[in-house]
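Report on one structure; see the data block that follows.
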Amino acid sequence: MDSVTAARNATASATTQAAPDTTSGGQTNVQSPQETDGFHLLIDALKLNGIDTVFGLPGIPITDLTRKAQAAGLRVISFRHEQNAGYAASIAGFMTQKPGICLTVSAPGFLNGLTALANATTNCFPMILISGSSEREVVDLQQGDYEEMDQLAIAKPLAKAAFRVLHAEDIGVGVARAIRAAVSGRPGGVYLDLPAKLFPQAMDAEAGRNSLIKVVDPAPRQIPGRDAVERALDLLKAAKRPLIILGKGAAYAQADADIRALIEKTGIPYLPMSMAKGLLPDTHPQCASAARSYVLPEADVVMLIGARLNWLLSHGKGKTWGGASAKEWGGQRFIQLDISPQEADSNVRIDAPVVGDIGSCVSAMLAAIDATAGSGWAKPPADWLDAVAERRNKNVAKMAETLAKDPTPMNFHSALNVVRDIVKSNPDAILVNEGANALDFTRSIVDMYKPRKRLDVGTWGVMGIGMGFSVAAAVVSGQPVIAIEGDSAFGFSGMEVETICRYNLPICVVILNNNGVYRGDEVNPTGGRDPAPLVFVKDARYEKLMEAFGGVGVHATTPGDLRKAMEDAIRSRRPTLINAIIDEKAGTESGRITSLNPSAKKK
Ligand code: ADP
Ligand code: TZD
């Protein structure tokens, strides 16, 4: 650190050393050494609670806040669009269990960030959207302020909680409440509204320091009831065809060793949901991913760990579920480990809810199993394990055959076969993934080996998370990031390649480019001059976008090109974009969720 930076850092925190602030581009907000102000109180409140990074986009009224935050030693990552900053904050929250912070300007900036806040709430990611807002007096009388909007009211239905702070002395409480709301119980998105007038509000420095709160035990453990644990274990023991499903709540909980112990001790086949892949290596002998369509209907007792029975699991009913074995019981039985007491019975009957944090629930189950060790924990019947293994081996062999093909042009399989190898040799790299076919094929072809290494479109199947998630993953972990993107998906956040280059992040973006949404060969049936709605410019040179900002761009037409470019990117840690050319006829409409598409249904 040079002496100027050191001097700035030393003077930036008015509550620790109340010197007049000179980092604000000429504006001085702190009146005297004995005073602090809203800017500094907010920064100090965040730092006091272990927040070291904020993601955002500056402008009125938060421009100085971003400068002062950087001067005070926070890492400030500035984006080109607030939605991407918001996605970055939310996934940082998922990865670290600390709320990810996103800073935006008023009205339009706030609205741009709001999509990410709603997505965070939907996915149970802890995040705080801090937005500057215009003056209450003017907003409430609707007198037409600069970027006027009643932001608190708009954020409320989309956030787990929403707060506004009007007085500098309440900033400590506001931040503490936002942190508790974001990470306790079921995590979610929290909105914190800070009107412009709050930032320069001065107050006595010592009183300011005393008003800050270091949150004690922000996400208290929730211990499940003993009877609930026993009820669940009784059901599991009686099962002839048990199955465990791991969701992203299990990944979030960071109870990796206990989850692995529970699975291995019980010997039960398990199915990881997309972002739970890698909690145990996908190559684990009990992993039933390759036998998914067999185990879901055939299991008699299913234990959900941090996974909801939403659309991603066909709501626990219908053709996907309820095969022959379930009839013996009069239906499949469910055990659900979840922190939210309201989750059980949301789609089908849950016979044994176990409410608590995953870490406590899983360790309580392990302890109860160990206590019965005398009588012995019997592994599931061999005929069930053999049947699952047979399906799995058959499907793995079939996939290996498909992956061995080398068509020209490349298809999803031949390109992803390369990605699969690269991830296998770099298990610490983080894989970000979005698109339709690009998502579904990557999920099924690319094995993950470590927890929380796969970050994707989540509960909403939202496009646009790509570059925001990648930036946050690189910043938070320091590990290389591989983003596997459909060409449409990439377009939602593509401008952030500048951000990637600006911060010189070790991100390798691979665009599986098939010239359009889902595929690229549709034509306008009228023969008119406009292209069909799902197609893009043919043979687009996306790699030039990365080159424009000083990164490495590669045009890859063969698996060999792709392999070399990915290896170079990981080795050099340079920002890289590989435009991997895929057959434009490869890809089905909506990928694997065709059944949800009304037009595809008719076809
Ligand atoms: P997936 O999409 O992977 O199936 P979901 O997002 O549907 O996963 O489900 C995650 C579930 O995990 C939510 O019901 C949430 O309440 C729960 N959850 C999140 N964090 C924890 C935790 N620390 N302990 C227990 N449950 C958690
Ligand atoms: N907008 C948003 C925010 N989220 C969405 N999920 C969609 C639109 C609809 N959508 C999908 O569900 S996938 C997808 C869109 C536009 C893009 C698919 O094309 P792609 O991937 O090029 O990214 P493939 O590999 O060609 O299928």
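Letters A, B, ... mark the chains of the structure tokens in the order given; residue numbers begin at 1 per chain; ligand numbers begin at 1, in order shown.
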Within-7 Å residues of ligand 1, basis only C-alpha atoms and all ligand atoms, as a count of residues only | 32
Return as a PyMOL selection string every polymer residue, whether protein, DNA or RNA, with at least one atom no more than 7 Å from an atom of ligand 2; count only C-alpha atoms and all ligand atoms.
-> chain A and resi 434-439+461-464+485-490+512-514+516-519+587-588+590-591
Residue neighbourhood region 80-96 of chain A, 8 Å, only C-alpha atoms, exclusion window fewer than 2 positions, as a ChimeraX atom specification | /A:54-57,78,98-102,104,109-110,112-117,120,125-129,189,252,452,455,464-465,467-473,476,493,495-496,499
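For the residues A:Lys405, A:Arg502, A:Lys317, A:His167, ranking by smallest atom-to-atom distance to Phe199 (chain A) using only C-alpha atoms places A:His167 first.
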Exercise: Asn393 (chain A) partners within 10 Å, only C-alpha atoms, chain neighbours under 6 positions left out, as a list of chain:residue names =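 Selected residues are A:Ala288, A:Ala290, A:Ala291, A:Met399.
Taking CA of Met448 (chain A) and CA of Val362 (chain A) as the two end points, the separation is 22.2 Å.
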